[in-house]
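A.B. asks: Okay, so here is start_10.txt, and as you'll see once you scroll down, it has compact mmCIF, C-alpha atoms.
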# COMPACT_ATOMS: atom_id res chain seq x y z
CA MET A 1 -8.44 33.72 -3.73
CA SER A 2 -10.11 35.39 -6.67
CA LEU A 3 -9.09 38.11 -9.03
CA ILE A 4 -11.85 40.59 -9.74
CA THR A 5 -12.21 43.84 -11.60
CA ILE A 6 -12.96 47.11 -9.82
CA ASP A 7 -16.58 47.25 -11.02
CA LYS A 8 -17.33 43.93 -9.30
CA ILE A 9 -16.08 44.81 -5.83
CA SER A 10 -18.38 45.49 -2.94
CA SER A 11 -17.94 46.34 0.71
CA GLY A 12 -17.14 43.41 2.98
CA MET A 13 -14.71 41.79 0.57
CA LYS A 14 -11.28 40.95 1.91
CA LEU A 15 -8.03 41.70 0.08
CA ALA A 16 -5.90 38.62 -0.64
CA LYS A 17 -2.89 40.71 -1.60
CA PRO A 18 -1.82 44.23 -0.66
CA ILE A 19 -2.55 47.04 -3.07
CA VAL A 20 0.64 48.88 -3.91
CA ASN A 21 1.46 51.93 -5.99
CA LYS A 22 4.06 52.02 -8.72
CA PHE A 23 6.78 52.69 -6.18
CA ASN A 24 5.75 49.48 -4.42
CA GLN A 25 4.44 51.39 -1.41
CA VAL A 26 1.54 49.60 0.24
CA LEU A 27 -1.69 51.56 -0.06
CA LEU A 28 -3.91 48.92 1.56
CA PRO A 29 -2.51 45.85 3.30
CA ALA A 30 -3.59 42.27 2.58
CA GLY A 31 -6.53 41.25 4.74
CA THR A 32 -8.18 44.70 4.60
CA ILE A 33 -11.95 44.40 4.58
CA LEU A 34 -13.18 46.82 1.96
CA LYS A 35 -15.63 49.55 2.91
CA GLU A 36 -17.61 51.90 0.66
CA ASN A 37 -15.06 54.69 0.98
CA HIS A 38 -12.23 52.35 0.00
CA ILE A 39 -13.99 51.60 -3.27
CA SER A 40 -14.15 55.20 -4.41
CA THR A 41 -10.53 55.71 -3.35
CA LEU A 42 -9.43 52.64 -5.32
CA LYS A 43 -11.11 54.09 -8.42
CA LEU A 44 -9.32 57.35 -7.80
CA TRP A 45 -6.00 55.46 -7.61
CA ASN A 46 -6.71 53.85 -11.00
CA ILE A 47 -6.62 50.34 -9.55
CA ASN A 48 -8.24 48.02 -12.10
CA THR A 49 -8.10 44.58 -10.53
CA LEU A 50 -7.86 43.24 -7.00
CA GLU A 51 -7.28 39.87 -5.48
CA ILE A 52 -10.00 38.90 -3.06
CA ILE A 53 -10.18 36.11 -0.51
CA ASN A 54 -13.01 33.59 -0.29
CA ILE A 55 -15.27 34.58 -3.13
CA ASP A 56 -14.79 31.20 -4.72
CA ASP A 57 -15.16 29.29 -1.50
CA GLU A 58 -18.64 30.74 -1.23
CA LYS A 59 -19.44 29.60 -4.75
CA ILE A 60 -18.37 26.04 -3.91
CA GLU A 61 -21.02 25.89 -1.21
CA GLU A 62 -23.63 26.79 -3.81
CA ILE A 63 -22.91 23.63 -5.80
CA PRO A 64 -25.59 21.04 -5.01
CA LYS A 65 -24.31 17.71 -3.73
CA GLU A 66 -25.74 15.68 -6.62
CA ILE A 67 -23.90 17.84 -9.14
CA TYR A 68 -20.69 17.50 -7.18
CA ASP A 69 -21.14 13.69 -7.11
CA LEU A 70 -21.82 13.63 -10.84
CA ALA A 71 -18.61 15.60 -11.44
CA CYS A 72 -16.70 13.07 -9.28
CA GLU A 73 -17.99 10.20 -11.37
CA LYS A 74 -17.19 11.89 -14.67
CA ILE A 75 -13.67 12.72 -13.58
CA LYS A 76 -13.08 9.14 -12.46
CA GLU A 77 -13.72 8.07 -16.06
CA ARG A 78 -10.82 10.22 -17.22
CA ILE A 79 -8.43 10.01 -14.28
CA LEU A 80 -7.83 6.32 -13.78
CA TRP A 81 -4.96 6.58 -11.27
CA GLN A 82 -4.77 6.85 -7.51
CA PRO A 83 -3.06 9.93 -6.03
CA ARG A 84 0.33 9.20 -4.43
CA ASN A 85 0.76 12.55 -2.70
CA ASP A 86 -1.11 15.75 -1.79
CA SER A 87 -0.29 17.49 -5.07
CA GLU A 88 -1.73 14.65 -7.12
CA LYS A 89 -4.80 14.65 -4.91
CA GLU A 90 -5.20 18.39 -5.50
CA ILE A 91 -4.96 17.92 -9.27
CA ILE A 92 -7.93 15.54 -9.06
CA ASP A 93 -9.74 17.92 -6.68
CA ILE A 94 -9.47 20.93 -8.99
CA ALA A 95 -10.63 18.81 -11.92
CA ILE A 96 -13.76 17.83 -9.97
CA LEU A 97 -14.31 21.34 -8.64
CA ASN A 98 -13.98 22.90 -12.07
CA LEU A 99 -16.34 20.41 -13.68
CA ALA A 100 -18.86 20.77 -10.84
CA LYS A 101 -18.83 24.55 -11.34
CA LYS A 102 -19.38 24.16 -15.08
CA LEU A 103 -22.23 21.67 -14.55
CA SER A 104 -23.92 23.82 -11.97
CA GLN A 105 -23.69 26.93 -14.16
CA LYS A 106 -25.16 24.94 -17.04
CA ASN A 107 -27.90 23.72 -14.74
CA ARG A 108 -28.76 27.24 -13.66
CA GLY A 109 -28.79 28.33 -17.30
CA ASP A 110 -31.20 25.57 -18.26
CA ASN A 111 -33.69 26.41 -15.54
CA MET B 1 1.36 4.39 -44.93
CA THR B 2 4.32 6.00 -43.26
CA HIS B 3 5.75 8.92 -45.11
CA ILE B 4 8.31 10.26 -42.71
CA GLN B 5 10.42 11.68 -45.53
CA LYS B 6 7.44 13.63 -46.85
CA ILE B 7 6.75 14.97 -43.36
CA ILE B 8 10.38 15.98 -42.91
CA ASP B 9 10.33 17.72 -46.30
CA THR B 10 7.29 19.70 -45.18
CA ILE B 11 9.22 20.88 -42.13
CA ASN B 12 12.19 21.88 -44.28
CA ASP B 13 9.90 23.90 -46.54
CA PHE B 14 8.14 25.43 -43.56
CA PRO B 15 8.44 29.22 -43.29
CA THR B 16 10.93 30.69 -40.86
CA LEU B 17 9.66 33.11 -38.24
CA PRO B 18 8.68 36.58 -39.49
CA THR B 19 11.13 39.45 -39.80
CA ILE B 20 10.04 41.16 -36.59
CA TYR B 21 11.08 38.12 -34.55
CA VAL B 22 14.37 37.69 -36.40
CA ALA B 23 15.18 41.40 -36.07
CA LEU B 24 14.39 41.29 -32.34
CA SER B 25 16.60 38.22 -31.84
CA GLU B 26 19.48 39.97 -33.58
CA VAL B 27 19.13 43.08 -31.47
CA MET B 28 18.99 41.02 -28.30
CA ALA B 29 22.01 38.94 -29.24
CA ASN B 30 24.06 42.12 -29.64
CA PRO B 31 25.49 43.15 -26.26
CA ARG B 32 25.61 46.79 -27.32
CA SER B 33 21.87 46.98 -27.95
CA THR B 34 19.67 49.02 -25.68
CA ILE B 35 16.02 48.75 -24.72
CA ASN B 36 15.31 51.50 -27.22
CA ASP B 37 16.71 49.47 -30.13
CA ALA B 38 14.28 46.64 -29.38
CA ALA B 39 11.44 49.09 -28.77
CA ASP B 40 12.11 50.69 -32.17
CA ILE B 41 11.67 47.36 -33.95
CA LEU B 42 8.48 46.54 -32.09
CA SER B 43 7.00 49.98 -32.64
CA ARG B 44 7.06 49.37 -36.40
CA ASP B 45 4.37 46.72 -35.87
CA GLN B 46 1.37 48.49 -34.38
CA ALA B 47 -0.69 45.35 -33.90
CA ALA B 48 2.14 43.57 -32.09
CA THR B 49 2.75 46.62 -29.91
CA ALA B 50 -0.88 46.81 -28.84
CA LYS B 51 -0.97 43.14 -27.92
CA ILE B 52 2.28 43.28 -26.01
CA LEU B 53 0.98 46.16 -23.94
CA ARG B 54 -2.25 44.28 -23.20
CA ALA B 55 -0.27 41.18 -22.27
CA ALA B 56 2.09 43.15 -20.04
CA ASN B 57 -0.89 44.56 -18.15
CA SER B 58 -2.63 41.19 -17.82
CA SER B 59 -2.95 39.39 -14.51
CA LEU B 60 -0.76 36.54 -15.78
CA PHE B 61 2.35 38.68 -15.38
CA GLY B 62 1.04 40.32 -12.23
CA LEU B 63 2.85 43.64 -12.68
CA LYS B 64 1.79 46.28 -10.21
CA VAL B 65 2.42 49.09 -12.67
CA ASN B 66 0.58 50.35 -15.69
CA VAL B 67 2.64 49.50 -18.77
CA ASP B 68 1.82 51.99 -21.52
CA THR B 69 4.94 51.92 -23.69
CA VAL B 70 6.97 49.13 -25.27
CA THR B 71 10.05 50.43 -23.47
CA LYS B 72 8.26 49.96 -20.15
CA ALA B 73 7.13 46.47 -21.18
CA ILE B 74 10.73 45.49 -21.90
CA PHE B 75 11.89 47.12 -18.68
CA TYR B 76 9.42 45.26 -16.46
CA LEU B 77 9.06 41.95 -18.30
CA GLY B 78 12.58 41.68 -19.68
CA PHE B 79 13.86 41.28 -23.24
CA ASP B 80 13.25 37.54 -23.37
CA GLU B 81 9.66 37.62 -22.18
CA VAL B 82 8.76 40.30 -24.72
CA LYS B 83 10.49 38.36 -27.48
CA ASN B 84 8.63 35.24 -26.36
CA LEU B 85 5.31 37.08 -26.54
CA VAL B 86 6.13 38.14 -30.08
CA SER B 87 6.98 34.57 -31.05
CA ALA B 88 3.80 33.23 -29.38
CA MET B 89 1.69 35.67 -31.41
CA THR B 90 3.46 35.01 -34.70
CA ILE B 91 3.50 31.22 -34.34
CA ILE B 92 -0.20 31.14 -33.45
CA ARG B 93 -0.91 33.22 -36.56
CA LEU B 94 1.22 30.84 -38.65
CA PHE B 95 -0.74 27.79 -37.53
CA ASN B 96 -4.28 29.01 -37.14
CA SER B 97 -6.61 27.66 -39.75
CA TYR B 98 -10.33 27.94 -39.63
CA SER B 99 -11.44 25.14 -41.91
CA THR B 100 -15.09 24.45 -41.15
CA ASN B 101 -15.19 20.82 -42.29
CA HIS B 102 -12.72 19.83 -39.58
CA THR B 103 -14.35 18.13 -36.62
CA ILE B 104 -11.89 19.68 -34.19
CA SER B 105 -10.73 23.23 -34.72
CA ALA B 106 -7.19 24.50 -34.43
CA ILE B 107 -8.59 26.90 -31.84
CA ASP B 108 -9.31 24.01 -29.46
CA LEU B 109 -5.72 22.84 -29.80
CA TRP B 110 -4.43 26.36 -29.20
CA LYS B 111 -6.76 26.69 -26.22
CA HIS B 112 -5.08 23.68 -24.65
CA SER B 113 -1.64 25.14 -25.35
CA ILE B 114 -2.57 28.54 -23.90
CA ALA B 115 -3.97 26.81 -20.80
CA VAL B 116 -0.73 24.88 -20.38
CA GLY B 117 1.25 28.12 -20.72
CA VAL B 118 -0.89 29.89 -18.12
CA ILE B 119 -0.77 26.95 -15.69
CA ASN B 120 2.95 26.50 -16.20
CA ARG B 121 3.63 30.14 -15.46
CA ASN B 122 1.46 29.98 -12.32
CA LEU B 123 3.16 26.78 -11.12
CA GLY B 124 6.57 28.36 -11.70
CA ALA B 125 5.52 31.39 -9.65
CA ILE B 126 4.24 29.14 -6.83
CA ILE B 127 7.53 27.28 -6.48
CA ALA B 128 9.25 30.69 -6.60
CA ILE B 129 11.24 30.30 -9.78
CA LYS B 130 13.05 33.60 -10.36
CA ASN B 131 13.38 33.48 -14.15
CA LEU B 132 9.89 32.81 -15.40
CA GLU B 133 10.34 34.22 -18.90
CA ASN B 134 10.17 30.86 -20.67
CA TYR B 135 7.27 29.38 -18.70
CA PHE B 136 4.36 30.81 -20.67
CA ILE B 137 5.91 30.28 -24.11
CA ALA B 138 6.92 26.70 -23.24
CA GLY B 139 3.23 25.88 -22.77
CA ILE B 140 2.23 27.69 -25.95
CA LEU B 141 4.73 25.69 -27.98
CA HIS B 142 4.75 22.29 -26.27
CA ASP B 143 2.26 20.69 -28.70
CA ILE B 144 3.34 22.56 -31.82
CA GLY B 145 3.97 19.17 -33.45
CA LYS B 146 0.25 18.33 -33.10
CA LEU B 147 -0.66 21.62 -34.76
CA PHE B 148 1.73 20.78 -37.55
CA PHE B 149 0.01 17.40 -38.10
CA TYR B 150 -3.34 19.12 -37.89
CA LYS B 151 -2.45 21.69 -40.52
CA TYR B 152 -0.56 19.53 -43.02
CA TYR B 153 -1.70 15.93 -42.43
CA TYR B 154 -5.24 16.39 -41.21
CA ASP B 155 -6.70 13.17 -42.68
CA ASP B 156 -3.80 11.01 -41.48
CA TYR B 157 -4.02 12.60 -38.07
CA GLN B 158 -7.73 11.83 -37.83
CA LYS B 159 -6.76 8.16 -38.22
CA VAL B 160 -4.17 8.55 -35.47
CA ILE B 161 -6.78 10.02 -33.13
CA GLU B 162 -9.32 7.31 -33.91
CA TYR B 163 -6.70 4.63 -33.40
CA ALA B 164 -5.68 6.07 -30.04
CA ILE B 165 -9.29 6.19 -28.87
CA THR B 166 -10.24 2.71 -30.14
CA ASN B 167 -7.18 1.08 -28.63
CA ASN B 168 -7.10 3.27 -25.53
CA ILE B 169 -3.47 4.29 -25.98
CA GLU B 170 -1.71 7.62 -25.70
CA ILE B 171 -1.82 9.81 -28.80
CA ARG B 172 1.98 9.83 -28.90
CA ASP B 173 2.12 6.03 -29.23
CA ALA B 174 -0.53 6.11 -31.95
CA GLU B 175 1.47 8.75 -33.85
CA GLN B 176 4.55 6.54 -33.71
CA LEU B 177 2.61 3.50 -34.91
CA ILE B 178 0.72 5.13 -37.75
CA LEU B 179 2.89 8.05 -38.88
CA GLY B 180 6.24 6.69 -37.72
CA ILE B 181 7.05 9.98 -35.99
CA THR B 182 5.66 11.73 -32.89
CA HIS B 183 4.49 15.28 -32.30
CA THR B 184 7.34 15.79 -29.84
CA THR B 185 9.95 14.96 -32.50
CA ILE B 186 8.19 17.20 -35.03
CA GLY B 187 8.03 19.97 -32.42
CA GLN B 188 11.71 19.60 -31.72
CA MET B 189 12.55 19.82 -35.44
CA LEU B 190 10.43 22.95 -35.89
CA ALA B 191 11.97 24.58 -32.80
CA GLU B 192 15.43 23.82 -34.13
CA LYS B 193 14.52 25.23 -37.51
CA TRP B 194 13.29 28.39 -35.81
CA LYS B 195 16.52 28.52 -33.76
CA LEU B 196 14.62 28.71 -30.48
CA PRO B 197 16.75 28.54 -27.31
CA ARG B 198 17.81 25.08 -26.03
CA THR B 199 15.56 25.42 -22.92
CA LEU B 200 12.50 25.65 -25.15
CA ILE B 201 13.62 22.85 -27.46
CA ASN B 202 14.01 20.63 -24.38
CA ALA B 203 10.60 21.68 -23.10
CA ILE B 204 8.99 20.64 -26.40
CA SER B 205 10.96 17.39 -26.62
CA TYR B 206 10.56 16.17 -23.06
CA HIS B 207 7.22 17.46 -21.74
CA ASN B 208 5.78 13.94 -21.91
CA THR B 209 8.17 12.64 -19.27
CA GLY B 210 9.15 15.83 -17.44
CA LEU B 211 12.79 14.72 -17.42
CA VAL B 212 15.73 15.90 -19.54
CA ASN B 213 18.24 13.06 -19.99
CA GLY B 214 16.87 11.41 -16.88
CA LYS B 215 17.25 14.52 -14.74
CA VAL B 216 14.56 16.81 -13.36
CA ASP B 217 14.62 20.22 -15.04
CA PHE B 218 12.28 22.72 -13.35
CA LEU B 219 10.77 24.15 -16.53
CA VAL B 220 10.22 20.75 -18.14
CA ALA B 221 8.87 19.26 -14.90
CA THR B 222 6.32 22.04 -14.29
CA LEU B 223 5.37 21.84 -17.97
CA HIS B 224 4.74 18.12 -17.57
CA ILE B 225 2.41 18.87 -14.66
CA ALA B 226 0.78 21.85 -16.41
CA ASP B 227 -0.06 19.65 -19.40
CA ILE B 228 -1.75 17.14 -17.09
CA VAL B 229 -3.62 19.86 -15.17
CA ALA B 230 -4.90 21.52 -18.38
CA ASN B 231 -6.08 18.10 -19.51
CA ALA B 232 -7.74 17.44 -16.14
CA LEU B 233 -9.50 20.83 -16.30
CA GLU B 234 -10.58 20.13 -19.89
CA LEU B 235 -9.29 23.45 -21.12
CA GLY B 236 -9.07 23.07 -24.89
CA ILE B 237 -8.33 19.74 -26.55
CA SER B 238 -5.11 17.75 -26.43
CA TYR B 239 -6.48 14.59 -28.10
CA ASP B 240 -5.68 12.56 -25.00
CA GLU B 241 -8.97 11.29 -23.55
CA ILE B 242 -7.35 9.87 -20.46
CA VAL B 243 -5.46 12.13 -18.06
CA PRO B 244 -2.01 10.60 -17.50
CA GLN B 245 -0.51 10.30 -14.03
CA PRO B 246 2.48 12.58 -13.40
CA ASN B 247 5.93 11.03 -13.60
CA ILE B 248 6.70 10.12 -9.97
CA LEU B 249 10.34 11.24 -10.33
CA ILE B 250 9.44 14.90 -10.78
CA TRP B 251 7.83 15.10 -7.32
CA GLU B 252 11.28 14.59 -5.79
CA LYS B 253 12.19 18.08 -6.90
CA LEU B 254 8.87 19.88 -7.31
CA SER B 255 7.35 20.39 -3.93
CA PHE B 256 4.11 22.27 -3.50
CA ARG B 257 2.76 23.21 -0.10
CA VAL B 258 -0.54 21.52 0.72
CA GLY B 259 -3.39 23.58 -0.74
CA GLU B 260 -1.25 25.57 -3.16
CA ILE B 261 -2.60 23.96 -6.31
CA ILE B 262 -6.22 24.32 -5.20
CA GLU B 263 -5.67 27.96 -4.23
CA ALA B 264 -4.22 28.66 -7.67
CA LEU B 265 -7.35 27.53 -9.53
CA PRO B 266 -9.28 30.85 -9.60
CA LYS B 267 -6.24 32.76 -10.83
CA ILE B 268 -5.50 30.09 -13.43
CA MET B 269 -9.04 30.32 -14.80
CA PHE B 270 -8.93 34.11 -14.83
CA ASP B 271 -5.52 34.17 -16.55
CA PHE B 272 -6.70 31.60 -19.07
CA ASP B 273 -9.72 33.66 -20.14
CA GLU B 274 -7.61 36.77 -20.41
CA SER B 275 -4.81 35.10 -22.42
CA PHE B 276 -7.30 33.35 -24.69
CA GLU B 277 -8.94 36.70 -25.51
CA LEU B 278 -5.58 38.27 -26.12
CA LEU B 279 -3.99 35.58 -28.28
CA LEU B 280 -6.87 34.01 -30.18
CA LYS B 281 -9.41 36.74 -30.71
CA ASN B 282 -8.48 39.01 -33.64
Show me, as structure tokens, the structure contained in the file I just sent.
C.D. replies:
Amino acid sequence: MSLITIDKISSGMKLAKPIVNKFNQVLLPAGTILKENHISTLKLWNINTLEIINIDDEKIEEIPKEIYDLACEKIKERILWQPRNDSEKEIIDIAILNLAKKLSQKNRGDN
Amino acid sequence: MTHIQKIIDTINDFPTLPTIYVALSEVMANPRSTINDAADILSRDQAATAKILRAANSSLFGLKVNVDTVTKAIFYLGFDEVKNLVSAMTIIRLFNSYSTNHTISAIDLWKHSIAVGVINRNLGAIIAIKNLENYFIAGILHDIGKLFFYKYYYDDYQKVIEYAITNNIEIRDAEQLILGITHTTIGQMLAEKWKLPRTLINAISYHNTGLVNGKVDFLVATLHIADIVANALELGISYDEIVPQPNILIWEKLSFRVGEIIEALPKIMFDFDESFELLLKN
């Protein structure tokens, strides 16, 4: 799930959460795939941010394997313990993911 | 080289929180007060008002309405959350110093604290805590003792940091060894001086273990995790090079569904950027 501002949305994106008005009435349900006409309507409704599914999952795929491996190694230098449950595993996973993203952005910037 | 008494004297001489916070606390403690009484006090401080409105509309609080007046902010966020935002802003102002010859800036320390606040609030929302008003502020204040050392005992604290790194021990243990007092104790003393609520004093005192008198307290437990997550994500600087493992006891009570922490990452990063802009830039 990703939170994005109205100027960044494009058709084909999928809503992670419903869009509601100030009376909590649902204007567009979660899971709606946005089309061009939705976008202009959203602007008309003064909606500033939306939560979108999958944007970040797509970005993960863009991270080259060697960068991901490098991030794993670096994190292992700072997290010296073994996970004992799923939550602890996820803490390590987000640390790796976040570092991999940073490294790959830096990489793109350098090139 | 311990000078605990000197440190304690510094705390005693430390300024109390500004009038706006004190006035707000008084209004809120009075059962006959209305939203308008609190709004009146806030409206006298234009800068505070503007920031509260921006905060109320930020994704961290996830309101589905546009908050354009202080009265609305109090209505939707509650008295306590608004008061907490005021204290976050004033305490950050109190402790921010921009000395250029310092190797680590106060901003990096505040960045860590803001990250912990944002993560804590998100974790609280995930496990469906109903009263989230202390979650953000608990993160903002949890390391206030480190900021105190940074501001008043910078040279001594540099030695503490070097010692912790050289000997590969936790910063808290190095503080105890070299200064004779830890940042959690200092934080607790400051919070008591400022007459902050007991929940927040506990959060500051016990975030290292996540337990209050051996028992799991939701706010303190999520704060314990949030501190570790912020450290793992390298958001700001906490002076701990090594990411500690969570206290196993807190997992008995804090249960996350598989995938929930990973799914929260994009929102955490978004909220962090937004809160950082709001609290640390002008």
A.B. asks: For Thr49 in chain A, which residue out of A:Lys17, A:Lys65, A:Lys102, A:Lys76 is the nearest one, using all atoms listed in the file?
C.D. replies: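 Ranked by minimum distance to Thr49 in chain A, first place goes to A:Lys17.
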A.B. asks: Need the shell around range 155-168 of chain B: protein/DNA/RNA residues with any atom at most 9 Å away, counting only C-alpha atoms. Skip same-chain ones fewer than 3 positions apart. Format as number ranges by chain?
C.D. replies: B: 146, 149-150, 152, 171-175, 177-179, 239-242
A.B. asks: I'd like to know which of A:Ile92, A:Leu27, A:Tyr68, A:Arg84 is closest to Ser104 in chain A, using only C-alpha atoms.
C.D. replies: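 Distance minimum relative to Ser104 in chain A lands on A:Tyr68.
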A.B. asks: Counting all atoms listed in the file, which residues of chain A sit at most 6 Å from some atom of chain B, and what is each one's closest atom pair with its distance in Å to one decimal, listed by chain and rising residue number, as a Markdown table?
C.D. replies:
| residue | atom | partner | partner_atom | distance |
| --- | --- | --- | --- | --- |
| A:Ser2 | CA | B:Pro266 | CA | 5.5 |
| A:Lys22 | CA | B:Val65 | CA | 5.2 |
| A:Arg78 | CA | B:Ile242 | CA | 4.8 |
| A:Ile79 | CA | B:Val243 | CA | 5.3 |
| A:Ala95 | CA | B:Leu233 | CA | 5.0 |
A.B. asks: Residues near Ala100 in chain A, anyone? I mean within 9 Å using only C-alpha atoms, not counting same-chain ones fewer than 5 positions away, as a list in words.
C.D. replies: Ile60, Ile63, Pro64, Ile67, Tyr68, Asp69, Leu70, Ala71, Cys72, Ala95 and Gln105 of chain A
